[in-house]
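**Student:** First the structure, then my questions, so here it is.
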Amino acid sequence: MTEFQQQDGISSSSSSSSSKNVIIMEEWNGSSSSKLSKTAVLTLTPSSFSLQRSGNRFSEVSTRIVGAFVPEGFPTSVTPDYVPFQIWDSLQGLSTYIRMMLSTQALLSAIGVGEKSATVIGATFQWFLRDFTGMLGGILFTFYQGSNLDNNAKMWRLVADLMNDLGMLTDLVSPLFPSAFVVIVCLGSISRSFTGVASGATRAALTQHFSLQNNAADISAKEGSQETLATMTGMILGMLLARVTMGHPVAIWFSFLSLTLFHMYANYRAVCCLSLTTLNCQRSSILLQSFMETGKVLSPEKVSSMEHILPSWTSLWRSKTDDLLHKRIHLGVRVSSLSHKDMIDLSGSTGSYYKKVKYFLMPKSGVVNVYVHKQSTAADVLQSFIHALVLGNHVNKTKFVHEESRSWMDKHYEGYIAKLKLTGWKTERLLAPPVVWRADWLSNEKIE
């Protein structure tokens, strides 16, 4: 009997030495070619037909249930850091909804639910004012920081959950200060509005990162299922905890603070699991400094372990020498800030190089200012930032910083970008604050 394999998990068998033909067809199940399981075998002979099922109903049902929570083609359709991130993210979400029951209970008691003296219109007005300030806070936060959320998705993810913790803390504190109840509740609502904006924006960026097969929509939908399950579980556990701790302030505060500490830890672990492949200012600085020292490009996993993901104000105890080079690069500076001496430098030998590129650099007081041309592309902005990092690395090492940095760019830039791509980095653009100030300069090297 000679057996041959066809597409879609179908195989047939025939015998050339016998007048009888036997056809065998196999049924396979699975959304990924690497994770298929045989579910049935059909056998046809001239005198009989048989259907033999393999597996059981329970495994089929369990597969469908799991399919509601993981993307199609899992695990090959997502990045390796998807699973650890989702585990820690689900745990932090669970702790959030448990604490939410405690804070909501305190908030409702402060409004007057269950008290005869409370009026419907009074409670309605307080709730309306709470929601109104939250919406206003969300708009203001988007106005000031909306364009920067992509640049530091890890940091903003932590900040979002920290603001949510502060919001729930204010709800729990509100009954203790009846005279300032409205102010405290409004502050908590504003804090949570920051969470909504930052968390939603960073989630979109992370979904794009996890997607390996253009399946961002599927990943987002399954993440919603996971969050819903965590929400329902957290609400049930939260109601039980609220019932047990009712009338015991010490127990309430101990439970809330313990869960808050766990929430912060789970968030930190979740963010540490991420190995983003996009280039932002910090990752570009880490990569370039390592490349200039060793000639090798670090992997996304290695760079992830070296990133500072906490907000800058949490690292005030670090010495200035620990600051990365990107802190001293100002991208998109106004040309009106140039002095007479700066213009003279540009009109000399320094400015001749910048006729070939769509930017120019000006080191000043340990800081490298980057002036971007009005017709520059995303690739030009990335090149200007890397050139600024190179120049900043030569500051205080040589008097000929422009010459040294230009020489490095001419010799190594194209090879450096090629090595970044081979290592898995995305070099299409630099994730940085938007460049809102641009310039134009004429062929005679004068700036207008």
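Every chain in the structure tokens has a letter given in the order shown (A, B, ...), and although residue numbers restart at 1 in each chain, ligands are simply numbered from 1 in the order shown.
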Can you list every residue in region 230-365 of chain A that DSSP puts in helix (DSSP H, G or I), as a count of residues only?

**Tutor:** 89

**Student:** Env of Ile139 (chain A): 12 Å cut, atoms = only C-alpha atoms, seq-sep filter 2 positions within chain, self excluded. Answer as a ChimeraX atom specification.

**Tutor:** /A:132-137,141-146,190,193-194,196-198

**Student:** Output C-alpha atoms for every residue in that selection, as a PDB file, in the first residue's frame.

**Tutor:**
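Output (result12.pdb):
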ATOM      1  CA  PHE A 132     -17.699  65.731  34.571  1.00  0.00           C
ATOM      2  CA  THR A 133     -14.329  66.496  36.136  1.00  0.00           C
ATOM      3  CA  GLY A 134     -13.065  63.097  35.036  1.00  0.00           C
ATOM      4  CA  MET A 135     -14.019  63.760  31.415  1.00  0.00           C
ATOM      5  CA  LEU A 136     -12.425  67.188  31.531  1.00  0.00           C
ATOM      6  CA  GLY A 137      -9.259  65.732  33.033  1.00  0.00           C
ATOM      7  CA  PHE A 141      -4.278  64.941  29.681  1.00  0.00           C
ATOM      8  CA  THR A 142      -4.695  64.005  26.025  1.00  0.00           C
ATOM      9  CA  PHE A 143      -3.924  67.585  25.013  1.00  0.00           C
ATOM     10  CA  TYR A 144      -0.658  67.698  26.956  1.00  0.00           C
ATOM     11  CA  GLN A 145       0.616  64.122  26.677  1.00  0.00           C
ATOM     12  CA  GLY A 146      -1.391  62.335  23.977  1.00  0.00           C
ATOM     13  CA  ILE A 190      -9.368  63.147  37.365  1.00  0.00           C
ATOM     14  CA  SER A 193      -9.273  59.720  33.689  1.00  0.00           C
ATOM     15  CA  PHE A 194      -5.497  59.831  33.169  1.00  0.00           C
ATOM     16  CA  GLY A 196      -8.178  55.632  30.850  1.00  0.00           C
ATOM     17  CA  VAL A 197      -6.280  57.675  28.284  1.00  0.00           C
ATOM     18  CA  ALA A 198      -2.787  56.348  29.025  1.00  0.00           C
TER      19      ALA A 198
END

**Student:** Please return, as a short mmCIF file (atom, residue, chain, number, x, y, z; two decimals) with C-alpha atoms, in the first residue's frame, all residues of region 357-415 of chain A that DSSP assigns to strand (DSSP E or B) on the basis of the backbone.

**Tutor:**
data_model
loop_
_atom_site.label_atom_id
_atom_site.label_comp_id
_atom_site.auth_asym_id
_atom_site.auth_seq_id
_atom_site.Cartn_x
_atom_site.Cartn_y
_atom_site.Cartn_z
CA TYR A 359 19.07 68.57 9.59
CA PHE A 360 21.92 70.26 11.40
CA LEU A 361 23.32 69.92 14.91
CA MET A 362 24.54 72.52 17.36
CA PRO A 363 26.21 71.44 20.64
CA LYS A 364 25.85 73.96 23.43
CA VAL A 367 23.41 69.65 25.14
CA VAL A 368 23.06 68.79 21.45
CA ASN A 369 20.33 70.75 19.70
CA VAL A 370 18.85 69.15 16.58
CA TYR A 371 17.34 71.48 13.96
CA VAL A 372 15.16 69.59 11.48
CA HIS A 373 14.44 70.62 7.90
#

**Student:** So that I can see what lies close to Leu44 (chain A), please list as a PDB file with all heavy atoms, in the first residue's frame the residues with an atom at most 7 Å from it, counting only C-alpha atoms and leaving out residues fewer than 4 positions away in the same chain.

**Tutor:**
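Result written to selection15.pdb:
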ATOM      1  N   VAL A  22      -8.584   1.164  -1.834  1.00  0.00           N
ATOM      2  CA  VAL A  22      -8.894   1.618  -0.481  1.00  0.00           C
ATOM      3  C   VAL A  22      -8.554   3.104  -0.390  1.00  0.00           C
ATOM      4  O   VAL A  22      -7.445   3.514  -0.741  1.00  0.00           O
ATOM      5  CB  VAL A  22      -8.092   0.836   0.581  1.00  0.00           C
ATOM      6  CG1 VAL A  22      -8.415   1.365   1.974  1.00  0.00           C
ATOM      7  CG2 VAL A  22      -8.389  -0.649   0.497  1.00  0.00           C
ATOM      8  N   ILE A  23      -9.517   3.910   0.057  1.00  0.00           N
ATOM      9  CA  ILE A  23      -9.312   5.347   0.203  1.00  0.00           C
ATOM     10  C   ILE A  23      -9.409   5.702   1.685  1.00  0.00           C
ATOM     11  O   ILE A  23     -10.386   5.342   2.345  1.00  0.00           O
ATOM     12  CB  ILE A  23     -10.344   6.152  -0.597  1.00  0.00           C
ATOM     13  CG1 ILE A  23     -10.234   5.822  -2.087  1.00  0.00           C
ATOM     14  CG2 ILE A  23     -10.151   7.651  -0.385  1.00  0.00           C
ATOM     15  CD1 ILE A  23     -11.275   6.524  -2.930  1.00  0.00           C
ATOM     16  N   ILE A  24      -8.376   6.377   2.161  1.00  0.00           N
ATOM     17  CA  ILE A  24      -8.335   6.807   3.565  1.00  0.00           C
ATOM     18  C   ILE A  24      -8.224   8.326   3.602  1.00  0.00           C
ATOM     19  O   ILE A  24      -7.328   8.902   2.975  1.00  0.00           O
ATOM     20  CB  ILE A  24      -7.149   6.174   4.315  1.00  0.00           C
ATOM     21  CG1 ILE A  24      -7.264   4.647   4.308  1.00  0.00           C
ATOM     22  CG2 ILE A  24      -7.084   6.695   5.751  1.00  0.00           C
ATOM     23  CD1 ILE A  24      -6.088   3.943   4.954  1.00  0.00           C
ATOM     24  N   SER A  48     -17.181  -1.618   2.064  1.00  0.00           N
ATOM     25  CA  SER A  48     -17.525  -1.034   3.371  1.00  0.00           C
ATOM     26  C   SER A  48     -17.058   0.413   3.468  1.00  0.00           C
ATOM     27  O   SER A  48     -16.235   0.874   2.675  1.00  0.00           O
ATOM     28  CB  SER A  48     -16.889  -1.859   4.506  1.00  0.00           C
ATOM     29  OG  SER A  48     -15.468  -1.762   4.427  1.00  0.00           O
ATOM     30  N   PHE A  49     -17.616   1.097   4.479  1.00  0.00           N
ATOM     31  CA  PHE A  49     -17.228   2.478   4.803  1.00  0.00           C
ATOM     32  C   PHE A  49     -17.210   2.604   6.318  1.00  0.00           C
ATOM     33  O   PHE A  49     -18.149   2.172   7.008  1.00  0.00           O
ATOM     34  CB  PHE A  49     -18.220   3.471   4.216  1.00  0.00           C
ATOM     35  CG  PHE A  49     -18.004   4.880   4.716  1.00  0.00           C
ATOM     36  CD1 PHE A  49     -16.965   5.652   4.226  1.00  0.00           C
ATOM     37  CD2 PHE A  49     -18.828   5.419   5.701  1.00  0.00           C
ATOM     38  CE1 PHE A  49     -16.749   6.937   4.680  1.00  0.00           C
ATOM     39  CE2 PHE A  49     -18.621   6.705   6.169  1.00  0.00           C
ATOM     40  CZ  PHE A  49     -17.579   7.464   5.648  1.00  0.00           C
ATOM     41  N   SER A  50     -16.132   3.164   6.837  1.00  0.00           N
ATOM     42  CA  SER A  50     -16.012   3.290   8.290  1.00  0.00           C
ATOM     43  C   SER A  50     -15.545   4.693   8.654  1.00  0.00           C
ATOM     44  O   SER A  50     -14.792   5.328   7.915  1.00  0.00           O
ATOM     45  CB  SER A  50     -15.037   2.251   8.850  1.00  0.00           C
ATOM     46  OG  SER A  50     -13.723   2.487   8.352  1.00  0.00           O
TER      47      SER A  50
END

**Student:** Do a neighbour search on Arg334 (chain A) at 9 Å with only C-alpha atoms, toss out local chain neighbours closer than 4 positions, and write the hits as a count of residues only.

**Tutor:** 7

**Student:** Do you know which residues are at most 10 Å from Thr79 (chain A) counting only C-alpha atoms, after dropping those on the same chain fewer than 3 positions away, and could you put them as a PyMOL selection string?

**Tutor:** chain A and resi 74-76+82-83+209-212+274-276

**Student:** Quick one: distance from CA of Lys358 (chain A) to CA of Gln375 (chain A) in Å, one decimal?

**Tutor:**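 Result for CA of Lys358 (chain A) versus CA of Gln375 (chain A): 7.3 Å, one decimal.
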
**Student:** Taking only C-alpha atoms into account, name the residue in A:Met25, A:Ile252, A:Met292, A:Ile65 that is nearest to His394 (chain A).

**Tutor:**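 So, comparing all the options, the nearest one is A:Met292.
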
**Student:** Using only C-alpha atoms, which residue out of A:Ala217, A:Leu102, A:Ile309, A:Val297 lies closest to Ala270 (chain A)?

**Tutor:**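 Selected residue with least distance to Ala270 (chain A): A:Ile309.
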
**Student:** Which polymer residues have any atom within 7 Å of an atom of region 226-236 of chain A, counting only C-alpha atoms, with same-chain residues fewer than 3 positions away left out, as a list in words?

**Tutor:**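 The filter keeps Phe69, Ser90, Gly93, Leu94, Ser95, Tyr97, Ile98, Met101, Lys222, Glu223, Met239 and Leu240 of chain A.
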
**Student:** Taking only C-alpha atoms into account, name the residue in A:Trp28, A:Trp88, A:Trp425, A:Phe385 that is nearest to Met264 (chain A).

**Tutor:**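 Result for the nearest residue to Met264 (chain A): A:Trp88.
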
**Student:** Counting only C-alpha atoms, which residue out of A:Arg243, A:Val70, A:Val182, A:Trp441 sits closest to Ser347 (chain A)?

**Tutor:** A:Trp441

**Student:** Which of these, A:Asp165, A:Glu307, A:Asp345, A:Asp150, has the shortest distance to Ile286 (chain A) once you count only C-alpha atoms?

**Tutor:**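 Looking only at the distances to Ile286 (chain A), the closest residue turns out to be A:Glu307.
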
**Student:** May I have the residues within 7 Å of region 201-207 of chain A as a list in words, using only C-alpha atoms and disregarding those fewer than 6 positions away in the same chain?

**Tutor:**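 The contact residues come out as Leu149, Asp150, Ala153, Arg157, Ala216, Ile219 and Ser220 of chain A.
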
**Student:** Taking only C-alpha atoms into account, name the residue in A:Ser255, A:Asp161, A:Arg283, A:Arg406 that is nearest to Lys356 (chain A).

**Tutor:**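 Answer, going by the shortest atom-to-atom distance: A:Arg406.
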